[in-house]
Amino acid sequence: MKVYAIAINTFKEVIRDKIFYSLVFFALLLLGASMLLSTLTLGERSKIIEDLSLSSIEIFGVIISIFVGIGLVGKELEKKTIYIIISKPIKRWQFLLGKYLGLALVLLSYISVMTACYMLELKFYLNELPWQTLMAVLLIYVELLTVTASAILFSTFSTPTLSASYALALYVIGHMTEDLRGLAAKTGQAGVKAVLNFVYYFLPNLEDFDIKAKTVHAIPVSAEYILMSVSYGLMYVMAILALSVLIFQRRNFK
Amino acid sequence: MIRTEGLKMEFHVGFFRKRVVALKGLTMEVKRGEVFGFLGPNGAGKTTTLKILMGLVYPTGGAAWLMGRPISDSSVKRNIGFLPEQPYFYDYLTAAEFMDLSGRLFGMRRKEREARAEELLDMVGLSGAKNLQLRKFSKGMQQRIGIAQALINDPELVVLDEPMSGLDPVGRKQVRDIILGLKDKGKTIFFSTHILPDVEVICDRVGILVRGELRAMGTVDELLSGTKVKSVEMTFAGVSGENLSSLERMASGTVTRGSETTATFGDQEAARAAKRLVFESGGEIISLIPHKSSLEDLFMEEVGKRK
Ligand SMILES: Nc1ncnc2c1ncn2[C@@H]1O[C@H](COP(=O)(O)OP(=O)(O)OP(=O)(O)O)[C@@H](O)[C@H]1O
Ligand SMILES: [Mg+2]
């Protein structure tokens with residue numbers, strides 16, 4: 001109930017914000033642009049539309065989850081709205097969870113709007129609806145959930161600007177973890193190996209959520225793979241949120 | 001209702017972790033049903049004390065109790081209302097939505113939340129702004145909605161950090177009336193302020209905090225009972241010539257306006273002598289006002305004292 005109250009108000013706060021609108025607007029613009037671009041190029045139209053559309057859904061989603069996500073907790077601390085909340089009978093974990101769920105709801109509406117437009121586009125121009133493209137969108141959503149959770153984690157102990165850089169770094173490195181492991185196998189130095197292995201095991205393996213290329217090239221992805229990836233993502237989210245709560249519980253609000 | 005014992009708070013600031021002591025062992029008590037004014041200059045540690053009581057920061061030493069329960073026990077929050085210093089709220093929520101959120105956090109039922117929000121917004125004079133987003137609120141309106149949200153749960157103990165700041169004289173009077181109204185209902189009010197005239201009017205007891213130490217605590221009368229009459233102001237008419245000049249010599253300052261002269265005397269002795277002289281020279285006394293030390297003088301004195 002209290003978690004729900006926080007989540008709903010977080011949702012309202014975000015979707016009434018102009019920043020959010022303009023991000024969604026640009027994402028939709030990019031979707032439209034992908035159709036135009038597809039007519040100009042020589043390759044298969046469907047590939048280009050799918051590739052560009054999925055990429056823009058992901059990129060704008062990441063921007064929303066990092067910048068809005070950090071703002072959520074960071075702004076509360078900076079502007080001290082948190083004083084009002086925490087002085088009421090709500091546990092700190094309830095507050096944090098509410099914030100997270102509110103943002104997850106925002107991202108869900110973003111993804112739904114984008115997907116609906118994307119589907120219309122496919123139906124209209126190609127007259128086909130590959131189911132795997134829906135799965136690709138689902139995995140993008142799970143990836144966004146992971147990135148949002150880490151954005152919240154960073155903002156429990158760091159300033160908004162720093163947290164944004166951390167979260168961005170995590171997103172980039174999260175897509176390179178396989179390379180890092182390859183490096184770890186090759187390197188001779190024990191210290192470097194340990195660090196690389198640590199990064200490999202503790203950072204989310206975001207590449208797992210990326211089936212865009214396969215989807216575009218019509219390489220099938222098994223249902224088990226998708227199920228596994230979704231469970232991995234959700235487990236990762238829970239672990240990060242638990243860690244965030246541990247840190248948040250101890251901190252002083254200045 | 002509130003009790004603290006040897007409350008200490010240290011901060012470490014900057015790159016070199018320089019130590020800042022905000023509270024040096026604060027021991028105090030606020031009794032049930034009283035209006036307690038917590039005074040102190042900027043940086044005295046008032047806000048820090050309130051934040052410790054509300055569980056926003058953890059003290060580095062000492063202990064505190066609210067309604068007989070240690071502050072770590074969050075169940076007491078159910079009966080407490082809090083207004084932070086310079087409150088800031090969610091930009092995009094309307095006043096009504098914000099009140100609703102506050103009510104939900106207390107687990108109040110919908111009917112109850114709505115009725116209470118209505119009543120409180122009316123009390124602070126914001127019923128007209130119910131559906132306005134909070135970012136469009138003026139500073140005074142923000143302060144009012146802050147007070148309204150602090151009372152949503154009909155709390156036993158109300159803790160306010162500078163409730164009068166940012167308000168115009170009318171607003172300040174309203175807040176004073178709200179506080180007195182709460183007192184009539186048997187609530188306990190603990191608030192910090194720098195606005196001393198308000199304190200003299202509404203507080204049962206006050207505490208003066210200076211640089212993290214409690215310098216004085218008691219009723220306004222108790223605190224001022226040791227102080228004597230500071231000066232006497234006498235206005236008279238009908239005195240002239242030599243007598244007027246000697247009156248002027250006795251006074252520490254005079255102002256003449258038309259046929260009336262107002263003279264200020266350093267103590268009552270001088271004032272008595274002057275009074276005799278006015279009578280002897282056939283003049284008349286229009287007014288005679290002794291000035292006692294005010295809370296403000298006491299405050300200035302405590303702040304000025306070097307430790
Ligand atoms: N988060 C913090 N980090 C470092 N120092 C702090 C912090 N919060 C408060 N202080 C210091 O503690 C002291 C007391 O501050 P506090 O805000 O409690 O004063 P105050 O009595 O409320 O003052 P004001 O009347 O200006 O509101 C100040 O010296 C301040 O610099
Ligand atoms: Mg203060």
# chains A, B, ... in the order shown; residues from 1 in each chain; ligands from 1
$ closest_atom_pairs --of "chain B" --to "ligand 2" --cutoff "7 Å" --atoms "only C-alpha atoms and all ligand atoms" --output "CSV"
residue,atom,partner,partner_atom_place_in_ligand_line,distance
B:Asn42,CA,ligand 2,1 (Mg),6.8
B:Gly43,CA,ligand 2,1 (Mg),6.9
B:Gly45,CA,ligand 2,1 (Mg),6.9
B:Lys46,CA,ligand 2,1 (Mg),5.4
B:Thr47,CA,ligand 2,1 (Mg),4.0
B:Glu85,CA,ligand 2,1 (Mg),6.2
B:Asp161,CA,ligand 2,1 (Mg),6.7
$ write_last_selection --atoms "N, CA and C atoms" --output "CSV table (one decimal), in the first residue's frame"
chain,number,residue,atom,x,y,z
B,42,ASN,N,21.7,31.3,13.6
B,42,ASN,CA,22.0,30.5,12.4
B,42,ASN,C,23.2,29.5,12.8
B,43,GLY,N,23.0,28.3,12.4
B,43,GLY,CA,24.1,27.3,12.6
B,43,GLY,C,24.2,26.8,14.0
B,45,GLY,N,22.4,24.5,15.5
B,45,GLY,CA,22.2,23.1,15.6
B,45,GLY,C,20.7,22.8,15.7
B,46,LYS,N,19.9,23.7,15.5
B,46,LYS,CA,18.4,23.4,15.7
B,46,LYS,C,17.9,22.4,14.7
B,47,THR,N,18.2,22.7,13.4
B,47,THR,CA,17.7,21.8,12.4
B,47,THR,C,18.3,20.4,12.6
B,85,GLU,N,12.6,22.4,7.4
B,85,GLU,CA,13.0,23.8,7.1
B,85,GLU,C,12.9,24.0,5.6
B,161,ASP,N,10.1,23.1,11.8
B,161,ASP,CA,11.4,23.7,11.7
B,161,ASP,C,11.1,25.1,11.0
$ closest_atom_pairs --of "chain A" --to "ligand 1" --cutoff "9 Å" --atoms "only C-alpha atoms and all ligand atoms" --output "Markdown table"
| residue | atom | partner | partner_atom_place_in_ligand_line | distance |
| --- | --- | --- | --- | --- |
| A:Asn252 | CA | ligand 1 | 1 (N) | 8.1 |
| A:Phe253 | CA | ligand 1 | 1 (N) | 7.4 |
| A:Lys254 | CA | ligand 1 | 1 (N) | 4.2 |
$ write_last_selection --atoms "C-alpha atoms" --output "PDB file, in the first residue's frame"
ATOM      1  CA  ASN A 252      22.260  10.330   6.782  1.00  0.00           C
ATOM      2  CA  PHE A 253      20.073  12.741   4.849  1.00  0.00           C
ATOM      3  CA  LYS A 254      21.875  16.051   4.769  1.00  0.00           C
TER       4      LYS A 254
END
$ closest_residue --among "B:Leu105, B:Met28, B:Leu277, B:Leu121" --to "Ser240 of chain B" --atoms "only C-alpha atoms"
B:Leu277
$ residues_around --residues "Val199 of chain B" --least-positions-apart "2" --cutoff "10 Å" --atoms "only C-alpha atoms" --output "PyMOL selection string"
chain B and resi 35-39+176+191-197+201-206+220+295
$ closest_atom_pairs --of "chain B" --to "chain A" --cutoff "10 Å" --atoms "only C-alpha atoms" --output "tab-separated table"
residue	atom	partner	partner_atom	distance
B:Thr48	CA	A:Lys254	CA	9.1
B:Lys51	CA	A:Tyr83	CA	8.4
B:Ile52	CA	A:Asn252	CA	9.5
B:Leu53	CA	A:Ser87	CA	9.2
B:Met54	CA	A:Ser87	CA	5.5
B:Gly55	CA	A:Ser87	CA	6.9
B:Leu56	CA	A:Phe253	CA	5.5
B:Val57	CA	A:Asn252	CA	4.4
B:Tyr58	CA	A:Asn252	CA	6.4
B:Pro59	CA	A:Asn252	CA	9.4
B:Ser74	CA	A:Pro89	CA	6.6
B:Ser75	CA	A:Pro89	CA	6.7
B:Val76	CA	A:Pro89	CA	8.0
B:Lys77	CA	A:Pro89	CA	5.2
B:Arg78	CA	A:Pro89	CA	5.7
B:Asn79	CA	A:Pro89	CA	9.1
B:Ile80	CA	A:Lys88	CA	7.8
B:Gly81	CA	A:Lys88	CA	7.7
B:Phe82	CA	A:Ser87	CA	6.7
B:Leu83	CA	A:Ile84	CA	7.2
B:Pro84	CA	A:Tyr83	CA	6.7
B:Glu85	CA	A:Lys80	CA	9.4
B:Gln86	CA	A:Lys80	CA	9.1
B:Pro87	CA	A:Thr81	CA	7.3
B:Tyr88	CA	A:Thr81	CA	5.6
B:Phe89	CA	A:Thr81	CA	5.4
B:Tyr90	CA	A:Thr81	CA	7.0
B:Asp91	CA	A:Glu13	CA	7.4
B:Tyr92	CA	A:Glu13	CA	5.3
B:Leu93	CA	A:Glu13	CA	6.5
B:Glu97	CA	A:Asn9	CA	8.4
B:Phe98	CA	A:Asn9	CA	8.6
B:Asp100	CA	A:Ala5	CA	9.0
B:Leu101	CA	A:Ala5	CA	6.3
B:Ser102	CA	A:Ile85	CA	7.8
B:Gly103	CA	A:Lys88	CA	9.6
B:Arg104	CA	A:Lys2	CA	6.5
B:Leu105	CA	A:Lys2	CA	5.5
B:Phe106	CA	A:Pro89	CA	6.1
B:Gly107	CA	A:Lys2	CA	7.2
B:Gly146	CA	A:Ile84	CA	8.7
B:Gln149	CA	A:Ile84	CA	8.7
B:Ala150	CA	A:Ile84	CA	8.4
B:Asn153	CA	A:Lys88	CA	9.6
$ closest_residue --among "B:Ser246, B:Thr27, B:Thr49, B:Gln268" --to "Ser231 of chain B" --atoms "only C-alpha atoms"
B:Gln268
$ residues_around --residues "Tyr200 of chain A" --least-positions-apart "2" --cutoff "12 Å" --atoms "only C-alpha atoms" --output "compact mmCIF listing (two decimals) with C-alpha atoms, in the first residue's frame"
# COMPACT_ATOMS: atom_id res chain seq x y z
CA LEU A 170 27.96 0.33 -16.39
CA ILE A 173 30.95 -2.06 -19.84
CA GLY A 174 27.92 -4.30 -19.37
CA HIS A 175 27.92 -4.77 -23.13
CA MET A 176 31.58 -5.73 -23.16
CA THR A 177 31.76 -8.27 -20.39
CA GLU A 178 32.41 -11.15 -22.81
CA ASP A 179 35.41 -9.27 -24.21
CA LEU A 180 36.62 -8.68 -20.70
CA ARG A 181 36.51 -12.36 -19.92
CA GLY A 182 38.41 -13.08 -23.10
CA LEU A 183 41.02 -10.58 -21.98
CA ALA A 184 41.17 -12.16 -18.54
CA ALA A 185 41.90 -15.54 -20.09
CA LYS A 193 42.98 -11.15 -14.25
CA ALA A 194 41.26 -10.87 -10.86
CA VAL A 195 39.87 -7.43 -11.65
CA LEU A 196 38.59 -8.49 -15.05
CA ASN A 197 37.01 -11.61 -13.63
CA PHE A 198 35.40 -9.57 -10.88
CA PHE A 202 29.54 -8.76 -10.91
CA LEU A 203 28.48 -6.48 -13.70
CA PRO A 204 25.34 -7.44 -15.56
CA ASN A 205 25.97 -9.19 -18.82
CA LEU A 206 23.84 -6.85 -20.90
CA GLU A 207 24.85 -8.47 -24.16
$ atom_distance --atom1 "atom CA of Val229 of chain B" --atom2 "atom CA of Gly266 of chain B"
9.1 Å
$ residues_around --residues "Ala237 of chain B" --least-positions-apart "6" --cutoff "10 Å" --atoms "only C-alpha atoms" --output "JSON, numbers by chain"
{"B": [244, 256, 257, 258, 259, 260, 261, 262, 278, 282, 283, 284, 285, 286]}
$ write_last_selection --atoms "N, CA and C atoms" --output "short mmCIF file (atom, residue, chain, number, x, y, z; two decimals), in the first residue's frame"
data_model
loop_
_atom_site.label_atom_id
_atom_site.label_comp_id
_atom_site.auth_asym_id
_atom_site.auth_seq_id
_atom_site.Cartn_x
_atom_site.Cartn_y
_atom_site.Cartn_z
N LEU B 244 13.87 72.72 32.05
CA LEU B 244 13.92 71.84 30.88
C LEU B 244 15.37 71.42 30.59
N THR B 256 12.09 66.31 21.07
CA THR B 256 10.99 67.25 21.28
C THR B 256 10.13 67.29 20.03
N ARG B 257 8.84 67.12 20.27
CA ARG B 257 7.90 67.16 19.14
C ARG B 257 6.80 68.13 19.54
N GLY B 258 6.81 69.33 18.94
CA GLY B 258 5.84 70.35 19.33
C GLY B 258 6.08 70.78 20.77
N SER B 259 5.02 70.73 21.58
CA SER B 259 5.17 71.14 22.98
C SER B 259 5.57 69.96 23.86
N GLU B 260 5.58 68.74 23.27
CA GLU B 260 5.89 67.55 24.06
C GLU B 260 7.34 67.14 23.91
N THR B 261 7.90 66.70 25.03
CA THR B 261 9.28 66.22 24.99
C THR B 261 9.30 64.78 25.51
N THR B 262 10.02 63.92 24.81
CA THR B 262 10.17 62.55 25.27
C THR B 262 11.62 62.34 25.68
N VAL B 278 9.47 67.55 37.02
CA VAL B 278 8.40 67.95 36.10
C VAL B 278 7.23 68.49 36.91
N GLY B 282 5.64 72.60 37.46
CA GLY B 282 4.28 72.82 36.97
C GLY B 282 3.96 72.17 35.64
N GLY B 283 4.79 71.26 35.21
CA GLY B 283 4.52 70.59 33.93
C GLY B 283 3.60 69.39 34.14
N GLU B 284 3.27 68.71 33.04
CA GLU B 284 2.45 67.50 33.20
C GLU B 284 3.10 66.31 32.48
N ILE B 285 2.88 65.13 33.06
CA ILE B 285 3.45 63.93 32.46
C ILE B 285 2.40 63.28 31.57
N ILE B 286 2.77 63.06 30.34
CA ILE B 286 1.81 62.48 29.40
C ILE B 286 1.88 60.96 29.42
#
$ atom_distance --atom1 "atom CA of Ser109 of chain A" --atom2 "atom CA of Leu227 of chain A"
21.8 Å
$ closest_residue --among "B:Gly218, B:Pro155, B:Gly125, B:Gly61" --to "Met141 of chain B" --atoms "only C-alpha atoms"
B:Gly125
$ residues_around --residues "segment 155-160 of chain A" --least-positions-apart "4" --cutoff "6 Å" --atoms "only C-alpha atoms" --output "ChimeraX atom specification"
/A:70,74,248
$ write_last_selection --atoms "N, CA, C and O atoms" --output "mmCIF file, in the first residue's frame"
data_model
loop_
_atom_site.group_PDB
_atom_site.id
_atom_site.type_symbol
_atom_site.label_atom_id
_atom_site.label_comp_id
_atom_site.auth_asym_id
_atom_site.auth_seq_id
_atom_site.Cartn_x
_atom_site.Cartn_y
_atom_site.Cartn_z
ATOM 1 N N ILE A 70 18.090 8.442 -12.079
ATOM 2 C CA ILE A 70 18.990 9.095 -11.138
ATOM 3 C C ILE A 70 18.289 10.278 -10.509
ATOM 4 O O ILE A 70 18.375 10.510 -9.313
ATOM 5 N N GLY A 74 18.085 10.933 -6.540
ATOM 6 C CA GLY A 74 19.034 12.023 -6.354
ATOM 7 C C GLY A 74 18.339 13.343 -6.068
ATOM 8 O O GLY A 74 18.714 14.066 -5.166
ATOM 9 N N PHE A 248 21.148 2.548 1.662
ATOM 10 C CA PHE A 248 20.190 3.619 1.930
ATOM 11 C C PHE A 248 19.784 3.635 3.403
ATOM 12 O O PHE A 248 19.559 4.689 3.996
#
$ decode --residues "segment 61-92 of chain A" --atoms "N, CA and C atoms" --output "mmCIF file, in the first residue's frame"
data_model
loop_
_atom_site.group_PDB
_atom_site.id
_atom_site.type_symbol
_atom_site.label_atom_id
_atom_site.label_comp_id
_atom_site.auth_asym_id
_atom_site.auth_seq_id
_atom_site.Cartn_x
_atom_site.Cartn_y
_atom_site.Cartn_z
ATOM 1 N N GLY A 61 15.371 4.411 -24.308
ATOM 2 C CA GLY A 61 15.016 3.775 -23.033
ATOM 3 C C GLY A 61 16.139 3.914 -22.024
ATOM 4 N N VAL A 62 17.369 3.698 -22.481
ATOM 5 C CA VAL A 62 18.516 3.811 -21.578
ATOM 6 C C VAL A 62 18.644 5.252 -21.082
ATOM 7 N N ILE A 63 18.468 6.196 -22.000
ATOM 8 C CA ILE A 63 18.561 7.596 -21.572
ATOM 9 C C ILE A 63 17.506 7.891 -20.509
ATOM 10 N N ILE A 64 16.285 7.416 -20.759
ATOM 11 C CA ILE A 64 15.226 7.668 -19.766
ATOM 12 C C ILE A 64 15.578 6.998 -18.444
ATOM 13 N N SER A 65 15.998 5.726 -18.498
ATOM 14 C CA SER A 65 16.200 5.052 -17.209
ATOM 15 C C SER A 65 17.369 5.645 -16.444
ATOM 16 N N ILE A 66 18.408 6.080 -17.140
ATOM 17 C CA ILE A 66 19.527 6.663 -16.390
ATOM 18 C C ILE A 66 19.187 8.060 -15.910
ATOM 19 N N PHE A 67 18.772 8.929 -16.823
ATOM 20 C CA PHE A 67 18.617 10.322 -16.397
ATOM 21 C C PHE A 67 17.387 10.556 -15.532
ATOM 22 N N VAL A 68 16.310 9.906 -15.872
ATOM 23 C CA VAL A 68 15.137 10.046 -15.012
ATOM 24 C C VAL A 68 15.339 9.245 -13.722
ATOM 25 N N GLY A 69 15.914 8.071 -13.856
ATOM 26 C CA GLY A 69 16.114 7.191 -12.689
ATOM 27 C C GLY A 69 16.994 7.827 -11.633
ATOM 28 N N ILE A 70 18.090 8.442 -12.079
ATOM 29 C CA ILE A 70 18.990 9.095 -11.138
ATOM 30 C C ILE A 70 18.289 10.278 -10.509
ATOM 31 N N GLY A 71 17.582 11.026 -11.358
ATOM 32 C CA GLY A 71 16.862 12.195 -10.858
ATOM 33 C C GLY A 71 15.913 11.819 -9.738
ATOM 34 N N LEU A 72 15.307 10.629 -9.869
ATOM 35 C CA LEU A 72 14.283 10.244 -8.906
ATOM 36 C C LEU A 72 14.767 10.263 -7.472
ATOM 37 N N VAL A 73 15.816 9.494 -7.198
ATOM 38 C CA VAL A 73 16.299 9.436 -5.817
ATOM 39 C C VAL A 73 17.235 10.614 -5.546
ATOM 40 N N GLY A 74 18.085 10.933 -6.540
ATOM 41 C CA GLY A 74 19.034 12.023 -6.354
ATOM 42 C C GLY A 74 18.339 13.343 -6.068
ATOM 43 N N LYS A 75 17.290 13.616 -6.832
ATOM 44 C CA LYS A 75 16.584 14.879 -6.658
ATOM 45 C C LYS A 75 15.893 14.926 -5.298
ATOM 46 N N GLU A 76 15.367 13.795 -4.883
ATOM 47 C CA GLU A 76 14.704 13.742 -3.575
ATOM 48 C C GLU A 76 15.680 14.124 -2.470
ATOM 49 N N LEU A 77 16.919 13.632 -2.619
ATOM 50 C CA LEU A 77 17.920 13.933 -1.601
ATOM 51 C C LEU A 77 18.345 15.386 -1.697
ATOM 52 N N GLU A 78 18.561 15.830 -2.939
ATOM 53 C CA GLU A 78 19.051 17.183 -3.136
ATOM 54 C C GLU A 78 18.021 18.220 -2.702
ATOM 55 N N LYS A 79 16.780 17.998 -3.090
ATOM 56 C CA LYS A 79 15.745 18.978 -2.771
ATOM 57 C C LYS A 79 15.108 18.703 -1.421
ATOM 58 N N LYS A 80 15.490 17.634 -0.783
ATOM 59 C CA LYS A 80 15.019 17.333 0.579
ATOM 60 C C LYS A 80 13.548 16.968 0.664
ATOM 61 N N THR A 81 12.939 16.606 -0.465
ATOM 62 C CA THR A 81 11.568 16.126 -0.373
ATOM 63 C C THR A 81 11.543 14.873 0.487
ATOM 64 N N ILE A 82 12.678 14.198 0.531
ATOM 65 C CA ILE A 82 12.760 12.953 1.278
ATOM 66 C C ILE A 82 12.501 13.170 2.768
ATOM 67 N N TYR A 83 12.792 14.375 3.280
ATOM 68 C CA TYR A 83 12.532 14.649 4.704
ATOM 69 C C TYR A 83 11.065 14.410 5.039
ATOM 70 N N ILE A 84 10.219 14.886 4.113
ATOM 71 C CA ILE A 84 8.785 14.783 4.344
ATOM 72 C C ILE A 84 8.350 13.321 4.353
ATOM 73 N N ILE A 85 8.932 12.539 3.450
ATOM 74 C CA ILE A 85 8.519 11.145 3.329
ATOM 75 C C ILE A 85 9.050 10.314 4.495
ATOM 76 N N ILE A 86 10.347 10.424 4.739
ATOM 77 C CA ILE A 86 10.977 9.548 5.733
ATOM 78 C C ILE A 86 10.507 9.870 7.155
ATOM 79 N N SER A 87 10.018 11.108 7.378
ATOM 80 C CA SER A 87 9.538 11.409 8.725
ATOM 81 C C SER A 87 8.145 10.815 8.962
ATOM 82 N N LYS A 88 7.582 10.212 7.940
ATOM 83 C CA LYS A 88 6.282 9.553 8.106
ATOM 84 C C LYS A 88 6.507 8.052 8.298
ATOM 85 N N PRO A 89 5.488 7.359 8.774
ATOM 86 C CA PRO A 89 5.709 5.935 9.075
ATOM 87 C C PRO A 89 5.850 5.078 7.822
ATOM 88 N N ILE A 90 6.961 5.238 7.145
ATOM 89 C CA ILE A 90 7.255 4.373 5.999
ATOM 90 C C ILE A 90 8.693 3.925 6.179
ATOM 91 N N LYS A 91 8.956 2.668 5.840
ATOM 92 C CA LYS A 91 10.323 2.162 5.971
ATOM 93 C C LYS A 91 11.136 2.633 4.770
ATOM 94 N N ARG A 92 12.419 2.761 4.979
ATOM 95 C CA ARG A 92 13.242 3.251 3.871
ATOM 96 C C ARG A 92 13.196 2.316 2.667
#
